[in-house]
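Enquirer: Dropping in entry_18.json, which is JSON, C-alpha atoms:
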[["chain", "number", "residue", "atom", "x", "y", "z"],
["H", 1, "MET", "CA", 105.39, 96.29, 88.99],
["H", 2, "LEU", "CA", 103.53, 98.78, 86.76],
["H", 3, "ILE", "CA", 105.14, 100.58, 83.85],
["H", 4, "SER", "CA", 103.63, 103.82, 85.13],
["H", 5, "GLN", "CA", 105.64, 103.82, 88.34],
["H", 6, "PHE", "CA", 108.93, 103.74, 86.44],
["H", 7, "ILE", "CA", 107.80, 106.42, 84.00],
["H", 8, "VAL", "CA", 106.57, 108.69, 86.80],
["H", 9, "LEU", "CA", 109.92, 108.31, 88.57],
["H", 10, "GLY", "CA", 111.68, 109.11, 85.29],
["H", 11, "ALA", "CA", 109.46, 112.16, 84.76],
["H", 12, "GLY", "CA", 110.23, 113.34, 88.29],
["H", 13, "LEU", "CA", 113.99, 113.03, 87.82],
["H", 14, "PHE", "CA", 113.75, 114.71, 84.40],
["H", 15, "SER", "CA", 111.82, 117.64, 85.87],
["H", 16, "LEU", "CA", 114.39, 117.98, 88.66],
["H", 17, "GLY", "CA", 117.07, 118.10, 85.95],
["H", 18, "VAL", "CA", 115.14, 120.84, 84.11],
["H", 19, "TYR", "CA", 114.87, 122.78, 87.36],
["H", 20, "GLY", "CA", 118.62, 122.43, 87.89],
["H", 21, "VAL", "CA", 119.48, 123.58, 84.36],
["H", 22, "LEU", "CA", 117.26, 126.64, 84.78],
["H", 23, "THR", "CA", 118.46, 127.67, 88.25],
["H", 24, "ARG", "CA", 122.14, 126.80, 88.52],
["H", 25, "ARG", "CA", 124.69, 129.53, 87.81],
["H", 26, "ASN", "CA", 127.81, 127.37, 87.63],
["H", 27, "ALA", "CA", 128.32, 125.69, 84.25],
["H", 28, "VAL", "CA", 129.64, 122.45, 85.81],
["H", 29, "LEU", "CA", 126.46, 122.16, 87.89],
["H", 30, "ILE", "CA", 124.33, 122.68, 84.76],
["H", 31, "LEU", "CA", 126.13, 119.72, 83.15],
["H", 32, "LEU", "CA", 125.43, 117.76, 86.35],
["H", 33, "SER", "CA", 121.69, 118.47, 85.96],
["H", 34, "VAL", "CA", 121.83, 117.34, 82.33],
["H", 35, "GLU", "CA", 123.29, 114.02, 83.56],
["H", 36, "LEU", "CA", 120.28, 113.67, 85.85],
["H", 37, "MET", "CA", 117.96, 114.10, 82.86],
["H", 38, "LEU", "CA", 119.85, 111.48, 80.85],
["H", 39, "ALA", "CA", 119.61, 109.04, 83.76],
["H", 40, "ALA", "CA", 115.84, 109.58, 83.79],
["H", 41, "VAL", "CA", 115.66, 108.74, 80.08],
["H", 42, "ASN", "CA", 117.69, 105.56, 80.70],
["H", 43, "ILE", "CA", 115.15, 104.41, 83.28],
["H", 44, "ASN", "CA", 112.37, 104.75, 80.69],
["H", 45, "MET", "CA", 114.41, 102.84, 78.10],
["H", 46, "VAL", "CA", 115.09, 99.86, 80.35],
["H", 47, "ALA", "CA", 111.55, 99.83, 81.80],
["H", 48, "PHE", "CA", 109.97, 99.67, 78.34],
["H", 49, "ASP", "CA", 112.49, 97.02, 77.27],
["H", 50, "ALA", "CA", 111.50, 94.84, 80.24],
["H", 51, "ALA", "CA", 107.79, 95.45, 79.61],
["H", 52, "TRP", "CA", 108.10, 94.52, 75.93],
["H", 53, "GLY", "CA", 110.26, 91.46, 76.56],
["H", 54, "ASP", "CA", 112.21, 92.36, 73.41],
["H", 55, "VAL", "CA", 114.35, 89.42, 72.24],
["H", 56, "LEU", "CA", 116.87, 91.86, 70.75],
["H", 57, "ALA", "CA", 117.00, 93.87, 74.03],
["H", 58, "GLY", "CA", 116.72, 97.06, 71.97],
["H", 59, "GLY", "CA", 115.90, 99.25, 74.96],
["H", 60, "GLN", "CA", 118.93, 98.07, 76.91],
["H", 61, "ILE", "CA", 121.24, 98.53, 73.93],
["H", 62, "PHE", "CA", 120.01, 102.06, 73.35],
["H", 63, "ALA", "CA", 120.44, 102.76, 77.06],
["H", 64, "LEU", "CA", 124.08, 101.72, 76.58],
["H", 65, "PHE", "CA", 124.34, 104.08, 73.59],
["H", 66, "ILE", "CA", 122.92, 106.90, 75.72],
["H", 67, "ILE", "CA", 125.56, 106.19, 78.36],
["H", 68, "ALA", "CA", 128.31, 106.35, 75.72],
["H", 69, "VAL", "CA", 126.98, 109.59, 74.22],
["H", 70, "ALA", "CA", 126.60, 111.08, 77.70],
["H", 71, "ALA", "CA", 130.26, 110.29, 78.41],
["H", 72, "ALA", "CA", 131.26, 112.05, 75.18],
["H", 73, "GLU", "CA", 129.01, 115.00, 76.06],
["H", 74, "VAL", "CA", 130.58, 115.38, 79.49],
["H", 75, "GLY", "CA", 134.08, 115.31, 78.02],
["H", 76, "ILE", "CA", 133.31, 118.00, 75.43],
["H", 77, "GLY", "CA", 131.18, 120.01, 77.85],
["H", 78, "LEU", "CA", 133.87, 120.14, 80.50],
["H", 79, "ALA", "CA", 136.49, 121.08, 77.88],
["H", 80, "ILE", "CA", 134.29, 124.01, 76.79],
["H", 81, "VAL", "CA", 133.69, 125.06, 80.42],
["H", 82, "LEU", "CA", 137.44, 124.89, 80.98],
["H", 83, "LEU", "CA", 138.05, 127.10, 77.95],
["H", 84, "ILE", "CA", 135.44, 129.63, 79.14],
["H", 85, "PHE", "CA", 137.00, 129.64, 82.58],
["H", 86, "ARG", "CA", 140.46, 130.22, 81.10],
["H", 87, "ASN", "CA", 139.25, 133.16, 79.01],
["H", 88, "ARG", "CA", 136.83, 134.79, 81.46],
["H", 89, "GLN", "CA", 138.19, 133.68, 84.88],
["H", 90, "SER", "CA", 134.66, 132.52, 85.75],
["H", 91, "ALA", "CA", 132.43, 129.55, 85.00],
["H", 92, "ASN", "CA", 129.18, 131.33, 85.93],
["H", 93, "VAL", "CA", 126.79, 131.38, 83.01],
["H", 94, "ASP", "CA", 125.16, 134.70, 83.96],
["H", 95, "GLU", "CA", 128.51, 136.48, 83.62],
["H", 96, "LEU", "CA", 128.87, 135.35, 80.00],
["H", 97, "ASP", "CA", 126.98, 138.31, 78.55],
["H", 98, "LEU", "CA", 129.34, 139.59, 75.85],
["H", 99, "LEU", "CA", 126.63, 139.24, 73.21],
["H", 100, "LYS", "CA", 124.18, 141.29, 75.28],
["H", 101, "LEU", "CA", 123.75, 144.92, 74.33],
["Z", 1, "MET", "CA", 95.06, 96.90, 90.16],
["Z", 2, "THR", "CA", 94.15, 98.10, 93.62],
["Z", 3, "LEU", "CA", 96.50, 99.61, 96.13],
["Z", 4, "SER", "CA", 96.52, 96.46, 98.27],
["Z", 5, "ASP", "CA", 97.51, 94.37, 95.23],
["Z", 6, "TRP", "CA", 100.31, 96.80, 94.56],
["Z", 7, "ALA", "CA", 101.49, 96.79, 98.16],
["Z", 8, "GLY", "CA", 101.34, 92.98, 98.27],
["Z", 9, "THR", "CA", 104.31, 92.63, 95.91],
["Z", 10, "PRO", "CA", 107.68, 92.89, 97.65],
["Z", 11, "GLU", "CA", 109.36, 94.25, 94.48],
["Z", 12, "ASN", "CA", 107.16, 97.33, 94.69],
["Z", 13, "TRP", "CA", 108.46, 98.10, 98.17],
["Z", 14, "VAL", "CA", 112.04, 97.80, 96.93],
["Z", 15, "PHE", "CA", 111.10, 100.15, 94.09],
["Z", 16, "LEU", "CA", 109.50, 102.60, 96.52],
["Z", 17, "VAL", "CA", 112.58, 102.76, 98.74],
["Z", 18, "ILE", "CA", 114.98, 103.16, 95.79],
["Z", 19, "GLY", "CA", 112.71, 105.64, 94.00],
["Z", 20, "LEU", "CA", 112.20, 107.92, 96.99],
["Z", 21, "GLY", "CA", 115.94, 107.82, 97.68],
["Z", 22, "MET", "CA", 116.63, 108.76, 94.06],
["Z", 23, "LEU", "CA", 114.16, 111.64, 94.10],
["Z", 24, "PHE", "CA", 115.70, 112.96, 97.33],
["Z", 25, "ALA", "CA", 119.22, 112.63, 95.89],
["Z", 26, "GLY", "CA", 118.13, 114.30, 92.64],
["Z", 27, "PHE", "CA", 116.57, 117.15, 94.61],
["Z", 28, "ARG", "CA", 119.82, 117.65, 96.51],
["Z", 29, "VAL", "CA", 121.82, 117.59, 93.25],
["Z", 30, "VAL", "CA", 119.94, 120.64, 92.01],
["Z", 31, "THR", "CA", 119.66, 122.49, 95.34],
["Z", 32, "SER", "CA", 122.77, 121.66, 97.37],
["Z", 33, "PRO", "CA", 124.78, 124.78, 98.29],
["Z", 34, "ASN", "CA", 128.03, 122.80, 98.08],
["Z", 35, "VAL", "CA", 129.39, 121.75, 94.67],
["Z", 36, "VAL", "CA", 131.12, 118.59, 95.87],
["Z", 37, "HIS", "CA", 128.01, 117.50, 97.79],
["Z", 38, "ALA", "CA", 125.96, 117.94, 94.60],
["Z", 39, "VAL", "CA", 128.32, 115.57, 92.76],
["Z", 40, "LEU", "CA", 128.18, 113.02, 95.58],
["Z", 41, "TYR", "CA", 124.35, 113.15, 95.56],
["Z", 42, "LEU", "CA", 124.52, 112.52, 91.81],
["Z", 43, "VAL", "CA", 126.46, 109.33, 92.67],
["Z", 44, "ALA", "CA", 123.56, 108.31, 94.92],
["Z", 45, "ALA", "CA", 120.98, 109.03, 92.20],
["Z", 46, "LEU", "CA", 122.95, 107.07, 89.58],
["Z", 47, "GLY", "CA", 123.44, 104.20, 92.03],
["Z", 48, "GLY", "CA", 119.65, 104.20, 92.36],
["Z", 49, "THR", "CA", 119.25, 103.85, 88.59],
["Z", 50, "ALA", "CA", 121.69, 100.93, 88.64],
["Z", 51, "ALA", "CA", 119.61, 99.28, 91.39],
["Z", 52, "LEU", "CA", 116.42, 99.80, 89.35],
["Z", 53, "PHE", "CA", 118.10, 98.20, 86.33],
["Z", 54, "LEU", "CA", 118.95, 95.17, 88.47],
["Z", 55, "LEU", "CA", 115.31, 95.09, 89.57],
["Z", 56, "LEU", "CA", 114.27, 95.06, 85.89],
["Z", 57, "GLY", "CA", 116.74, 92.29, 85.03],
["Z", 58, "ALA", "CA", 119.08, 94.49, 82.98],
["Z", 59, "GLU", "CA", 122.28, 93.41, 84.71],
["Z", 60, "PHE", "CA", 124.77, 94.44, 82.05],
["Z", 61, "VAL", "CA", 123.34, 97.96, 81.79],
["Z", 62, "ALA", "CA", 123.34, 98.25, 85.58],
["Z", 63, "TRP", "CA", 127.04, 97.44, 85.89],
["Z", 64, "THR", "CA", 127.85, 99.66, 82.91],
["Z", 65, "VAL", "CA", 126.19, 102.53, 84.75],
["Z", 66, "VAL", "CA", 128.29, 101.78, 87.82],
["Z", 67, "LEU", "CA", 131.53, 101.56, 85.82],
["Z", 68, "VAL", "CA", 131.05, 104.37, 83.30],
["Z", 69, "TYR", "CA", 128.93, 106.86, 85.22],
["Z", 70, "ILE", "CA", 129.97, 106.43, 88.82],
["Z", 71, "GLY", "CA", 133.50, 105.35, 87.97],
["Z", 72, "ALA", "CA", 134.45, 107.70, 85.15],
["Z", 73, "VAL", "CA", 131.97, 110.53, 84.58],
["Z", 74, "VAL", "CA", 131.73, 111.53, 88.24],
["Z", 75, "VAL", "CA", 135.52, 111.61, 88.53],
["Z", 76, "LEU", "CA", 135.57, 113.81, 85.41],
["Z", 77, "PHE", "CA", 133.08, 116.16, 87.10],
["Z", 78, "LEU", "CA", 135.22, 116.36, 90.24],
["Z", 79, "PHE", "CA", 138.16, 117.14, 87.94],
["Z", 80, "GLY", "CA", 136.15, 119.93, 86.31],
["Z", 81, "ILE", "CA", 135.23, 121.38, 89.69],
["Z", 82, "MET", "CA", 138.83, 121.36, 90.88],
["Z", 83, "ILE", "CA", 140.19, 122.83, 87.63],
["Z", 84, "THR", "CA", 137.63, 125.62, 87.28],
["Z", 85, "ARG", "CA", 138.06, 126.36, 90.99],
["Z", 86, "ALA", "CA", 134.33, 126.29, 91.47],
["Z", 87, "PRO", "CA", 133.55, 127.97, 94.79],
["Z", 88, "VAL", "CA", 133.56, 125.20, 97.42],
["Z", 89, "GLY", "CA", 131.79, 125.82, 100.71],
["Z", 90, "ARG", "CA", 128.63, 127.60, 101.79],
["Z", 91, "GLU", "CA", 128.03, 131.36, 101.55],
["Z", 92, "VAL", "CA", 128.49, 131.30, 97.75],
["Z", 93, "GLN", "CA", 125.73, 131.88, 95.23],
["Z", 94, "LEU", "CA", 125.57, 128.70, 93.15],
["Z", 95, "SER", "CA", 121.97, 129.25, 92.07],
["Z", 96, "HIS", "CA", 120.11, 132.17, 90.56],
["Z", 97, "PRO", "CA", 118.10, 134.47, 92.89],
["Z", 98, "ILE", "CA", 114.78, 133.38, 94.37],
["Z", 99, "ARG", "CA", 112.74, 135.08, 91.61],
["Z", 100, "VAL", "CA", 114.29, 132.85, 88.94],
["Z", 101, "ARG", "CA", 114.06, 129.78, 91.16],
["Z", 102, "VAL", "CA", 110.31, 130.19, 91.72],
["Z", 103, "SER", "CA", 109.55, 130.48, 88.01],
["Z", 104, "ALA", "CA", 111.90, 127.54, 87.25],
["Z", 105, "ALA", "CA", 110.10, 125.46, 89.88],
["Z", 106, "ILE", "CA", 106.75, 126.29, 88.27],
["Z", 107, "VAL", "CA", 108.05, 125.27, 84.83],
["Z", 108, "ALA", "CA", 109.59, 122.04, 86.13],
["Z", 109, "PHE", "CA", 106.46, 121.11, 88.10],
["Z", 110, "ALA", "CA", 104.20, 121.81, 85.12],
["Z", 111, "LEU", "CA", 106.45, 119.61, 82.96],
["Z", 112, "PHE", "CA", 106.26, 116.83, 85.55],
["Z", 113, "VAL", "CA", 102.46, 117.00, 85.76],
["Z", 114, "LEU", "CA", 102.18, 116.99, 81.96],
["Z", 115, "LEU", "CA", 104.52, 114.01, 81.48],
["Z", 116, "ALA", "CA", 103.19, 111.97, 84.40],
["Z", 117, "ALA", "CA", 99.50, 112.59, 83.66],
["Z", 118, "SER", "CA", 99.76, 111.73, 79.97],
["Z", 119, "VAL", "CA", 101.82, 108.57, 80.58],
["Z", 120, "VAL", "CA", 99.71, 107.29, 83.46],
["Z", 121, "GLY", "CA", 96.56, 108.00, 81.46],
["Z", 122, "TYR", "CA", 97.91, 105.95, 78.55],
["Z", 123, "PHE", "CA", 99.47, 102.95, 80.27],
["Z", 124, "GLU", "CA", 97.09, 102.70, 83.25],
["Z", 125, "ASP", "CA", 97.61, 99.18, 84.60],
["Z", 126, "ALA", "CA", 100.14, 97.79, 82.11],
["Z", 127, "VAL", "CA", 102.45, 95.48, 84.04],
["Z", 128, "VAL", "CA", 106.18, 95.02, 83.63],
["Z", 129, "ALA", "CA", 107.23, 91.55, 84.76],
["Z", 130, "PRO", "CA", 110.84, 90.75, 83.83],
["Z", 131, "SER", "CA", 110.91, 86.96, 83.47],
["Z", 132, "ALA", "CA", 114.65, 86.49, 83.82],
["Z", 133, "ALA", "CA", 117.76, 88.63, 83.77],
["Z", 134, "THR", "CA", 118.92, 89.47, 80.24],
["Z", 135, "ARG", "CA", 122.11, 87.59, 79.45],
["Z", 136, "THR", "CA", 125.12, 89.65, 78.43],
["Z", 137, "ASP", "CA", 125.61, 87.09, 75.65],
["Z", 138, "ASP", "CA", 122.26, 88.08, 74.12],
["Z", 139, "ILE", "CA", 123.04, 91.80, 74.40],
["Z", 140, "GLY", "CA", 126.39, 91.26, 72.65],
["Z", 141, "GLN", "CA", 124.80, 89.18, 69.89],
["Z", 142, "ALA", "CA", 122.11, 91.81, 69.27],
["Z", 143, "MET", "CA", 124.55, 94.71, 69.43],
["Z", 144, "PHE", "CA", 126.97, 93.27, 66.88],
["Z", 145, "GLU", "CA", 124.31, 91.94, 64.51],
["Z", 146, "ARG", "CA", 121.11, 93.97, 64.54],
["Z", 147, "PHE", "CA", 122.54, 97.19, 66.01],
["Z", 148, "VAL", "CA", 126.01, 97.20, 64.49],
["Z", 149, "MET", "CA", 125.44, 100.43, 62.50],
["Z", 150, "PRO", "CA", 124.42, 102.56, 65.51],
["Z", 151, "PHE", "CA", 127.32, 100.98, 67.38],
["Z", 152, "GLU", "CA", 129.77, 102.19, 64.74],
["Z", 153, "VAL", "CA", 128.18, 105.65, 64.72],
["Z", 154, "VAL", "CA", 128.60, 105.87, 68.51],
["Z", 155, "SER", "CA", 132.24, 104.84, 68.08],
["Z", 156, "ILE", "CA", 132.79, 107.73, 65.66],
["Z", 157, "VAL", "CA", 131.03, 110.11, 68.07],
["Z", 158, "LEU", "CA", 133.31, 109.01, 70.90],
["Z", 159, "LEU", "CA", 136.41, 109.40, 68.73],
["Z", 160, "ALA", "CA", 135.32, 112.88, 67.62],
["Z", 161, "ALA", "CA", 134.60, 113.83, 71.25],
["Z", 162, "LEU", "CA", 138.03, 112.54, 72.29],
["Z", 163, "ILE", "CA", 139.85, 114.58, 69.64],
["Z", 164, "GLY", "CA", 137.62, 117.61, 70.22],
["Z", 165, "GLY", "CA", 138.22, 117.48, 73.97],
["Z", 166, "ILE", "CA", 141.98, 117.39, 73.51],
["Z", 167, "VAL", "CA", 141.93, 120.24, 70.96],
["Z", 168, "LEU", "CA", 139.69, 122.41, 73.15],
["Z", 169, "ALA", "CA", 141.37, 121.83, 76.49],
["Z", 170, "ARG", "CA", 145.07, 121.96, 75.63],
["Z", 171, "ARG", "CA", 146.87, 125.25, 76.02],
["Z", 172, "ASP", "CA", 148.14, 126.93, 72.89],
["Z", 173, "PRO", "CA", 151.95, 126.62, 72.82],
["Z", 174, "THR", "CA", 153.50, 129.89, 73.94],
["Z", 175, "GLU", "CA", 156.86, 131.15, 72.76],
["Z", 176, "GLU", "CA", 158.47, 130.14, 76.05],
["Z", 177, "SER", "CA", 157.37, 126.52, 75.76],
["Z", 178, "GLU", "CA", 158.49, 126.49, 72.14],
["Z", 179, "ALA", "CA", 161.90, 127.76, 73.22],
["Z", 180, "LEU", "CA", 162.14, 124.99, 75.85],
["Z", 181, "ARG", "CA", 161.99, 122.43, 73.08]]
Now that the file is in, can you turn its structure into structure tokens?
Expert:
Amino acid sequence: MLISQFIVLGAGLFSLGVYGVLTRRNAVLILLSVELMLAAVNINMVAFDAAWGDVLAGGQIFALFIIAVAAAEVGIGLAIVLLIFRNRQSANVDELDLLKL
Amino acid sequence: MTLSDWAGTPENWVFLVIGLGMLFAGFRVVTSPNVVHAVLYLVAALGGTAALFLLLGAEFVAWTVVLVYIGAVVVLFLFGIMITRAPVGREVQLSHPIRVRVSAAIVAFALFVLLAASVVGYFEDAVVAPSAATRTDDIGQAMFERFVMPFEVVSIVLLAALIGGIVLARRDPTEESEALR
């Protein structure tokens, strides 16, 4: 197995996540796309860890940290989306234009 | 490494099947017209990452992905969809109009070409050959010796997120609920 094949797959998933963040209107679906990007980063982490043969398994441990931070991010993100929905009766990001002149 | 060398390794075929499945699932996550289907495709994509981790010998990380992501985070997302009453079904506009989608596709594709070209140009034929699966014992030893500071920082982040989530999501007590006490 080449390193490149894992990185290219990660780059593909990351780009799909970017596409989703840019095109989705619903805030929950934007968070979903961000999860896709984080999964792509995790693939890179573990692939480099395996390629290096790190005795401390640094790549795997930081992949675990990313998973923990992603869980925290989803919790806070969904709480914020919930608050927006409660105040504006909508979770569509293009309707949140109070700051627009 | 020639193409026939690459195709001669069975692991590469496993990778190809998983990878194409993940890319398809990821594509459906960002394009599916149904919110719940998008979440279920995310489950497929994350299951693919877990399978790749097993392929790379990172067993503990693989099962953590299954437990934390597929078990907890996806359920949280379904919660969020139900609570915000996200429009379920077809006929609803979940994505921006076609004009925005075309420019977003151009940006995403350019990003992919940039990332893939630079990485492939740098690593060329570097091989990743996991000798044996990493033991959970070793991961635990490293995490609580070498990486104990980041571990504690992540603990604080999780605690802060927990408290912040509760503070943000709870309803402010109204006079009626105060009177009920």
Enquirer: Mind checking which residues fall within 12 Å of Leu56 in chain H, counting all atoms listed in the file, ignoring those fewer than 3 positions away in the same chain, and posting them as a list in words?
Expert: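 Using all atoms listed in the file, the neighbours found are Asp49, Ala50, Trp52, Gly53, Gly59, Gln60, Ile61 and Phe62 of chain H; Thr134, Arg135, Thr136, Asp137, Asp138, Ile139, Gly140, Gln141, Ala142, Met143, Phe144, Glu145, Arg146 and Phe147 of chain Z.
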Enquirer: Can you spit out the residues from that selection as a CSV table (one decimal), keeping the file's coordinate frame, using C-alpha atoms?
Expert:
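Done, and the output landed in again-v3.csv:
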chain,number,residue,atom,x,y,z
H,49,ASP,CA,112.5,97.0,77.3
H,50,ALA,CA,111.5,94.8,80.2
H,52,TRP,CA,108.1,94.5,75.9
H,53,GLY,CA,110.3,91.5,76.6
H,59,GLY,CA,115.9,99.2,75.0
H,60,GLN,CA,118.9,98.1,76.9
H,61,ILE,CA,121.2,98.5,73.9
H,62,PHE,CA,120.0,102.1,73.4
Z,134,THR,CA,118.9,89.5,80.2
Z,135,ARG,CA,122.1,87.6,79.4
Z,136,THR,CA,125.1,89.6,78.4
Z,137,ASP,CA,125.6,87.1,75.6
Z,138,ASP,CA,122.3,88.1,74.1
Z,139,ILE,CA,123.0,91.8,74.4
Z,140,GLY,CA,126.4,91.3,72.6
Z,141,GLN,CA,124.8,89.2,69.9
Z,142,ALA,CA,122.1,91.8,69.3
Z,143,MET,CA,124.6,94.7,69.4
Z,144,PHE,CA,127.0,93.3,66.9
Z,145,GLU,CA,124.3,91.9,64.5
Z,146,ARG,CA,121.1,94.0,64.5
Z,147,PHE,CA,122.5,97.2,66.0
Enquirer: Could the residues of chain H within 6 Å of chain Z, counting only C-alpha atoms, be given as an mmCIF file with C-alpha atoms, in the coordinates of the input, please?
Expert:
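Written file, result_37.cif:
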data_model
loop_
_atom_site.group_PDB
_atom_site.id
_atom_site.type_symbol
_atom_site.label_atom_id
_atom_site.label_comp_id
_atom_site.auth_asym_id
_atom_site.auth_seq_id
_atom_site.Cartn_x
_atom_site.Cartn_y
_atom_site.Cartn_z
ATOM 1 C CA MET H 1 105.390 96.290 88.990
ATOM 2 C CA LEU H 2 103.530 98.780 86.760
ATOM 3 C CA ILE H 3 105.140 100.580 83.850
ATOM 4 C CA SER H 4 103.630 103.820 85.130
ATOM 5 C CA VAL H 8 106.570 108.690 86.800
ATOM 6 C CA ALA H 11 109.460 112.160 84.760
ATOM 7 C CA GLY H 12 110.230 113.340 88.290
ATOM 8 C CA SER H 15 111.820 117.640 85.870
ATOM 9 C CA TYR H 19 114.870 122.780 87.360
ATOM 10 C CA GLY H 20 118.620 122.430 87.890
ATOM 11 C CA LEU H 22 117.260 126.640 84.780
ATOM 12 C CA THR H 23 118.460 127.670 88.250
ATOM 13 C CA ARG H 24 122.140 126.800 88.520
ATOM 14 C CA ARG H 25 124.690 129.530 87.810
ATOM 15 C CA ALA H 50 111.500 94.840 80.240
ATOM 16 C CA ALA H 51 107.790 95.450 79.610
ATOM 17 C CA LEU H 56 116.870 91.860 70.750
ATOM 18 C CA ALA H 72 131.260 112.050 75.180
ATOM 19 C CA ILE H 76 133.310 118.000 75.430
ATOM 20 C CA ALA H 79 136.490 121.080 77.880
#
Enquirer: What is the distance between CA of Asn87 in chain H and CA of Asp172 in chain Z, in Å to one decimal?
Expert: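 Value for the CA of Asn87 in chain H-CA of Asp172 in chain Z distance: 12.5 Å.
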Enquirer: For CA of Val75 in chain Z and CA of Val17 in chain Z, quote the distance in Å rounded to one decimal.
Expert: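 Result for CA of Val75 in chain Z versus CA of Val17 in chain Z: 26.6 Å, one decimal.
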Enquirer: Between CA of Tyr41 in chain Z and CA of Val69 in chain H, measure the distance and give it in Å to one decimal.
Expert: 21.8 Å
Enquirer: Please determine, counting all atoms listed in the file, which residue among H:Ile67, H:Val46, H:Arg88, H:Leu9 has the shortest atom-to-atom distance to Ile70 in chain Z.
Expert: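 Answer, going by the shortest atom-to-atom distance: H:Ile67.
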Enquirer: Would you mind telling me which residue in Z:Val43, Z:Asn34, Z:Gly8, Z:Met82 lies nearest to Glu35 in chain H when using only C-alpha atoms?
Expert: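 When distances to Glu35 in chain H are compared using only C-alpha atoms, the smallest one comes from Z:Val43.
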Enquirer: Which residues come within 12 Å of Ile84 in chain H, counting all atoms listed in the file, excluding same-chain residues fewer than 5 positions away, as a compact mmCIF listing (two decimals) with C-alpha atoms, keeping the file's coordinate frame?
Expert:
# COMPACT_ATOMS: atom_id res chain seq x y z
CA ASN H 26 127.81 127.37 87.63
CA ALA H 27 128.32 125.69 84.25
CA VAL H 28 129.64 122.45 85.81
CA GLY H 77 131.18 120.01 77.85
CA LEU H 78 133.87 120.14 80.50
CA ALA H 79 136.49 121.08 77.88
CA GLN H 89 138.19 133.68 84.88
CA SER H 90 134.66 132.52 85.75
CA ALA H 91 132.43 129.55 85.00
CA ASN H 92 129.18 131.33 85.93
CA VAL H 93 126.79 131.38 83.01
CA GLU H 95 128.51 136.48 83.62
CA LEU H 96 128.87 135.35 80.00
CA ILE Z 83 140.19 122.83 87.63
CA THR Z 84 137.63 125.62 87.28
CA LEU Z 168 139.69 122.41 73.15
CA ALA Z 169 141.37 121.83 76.49
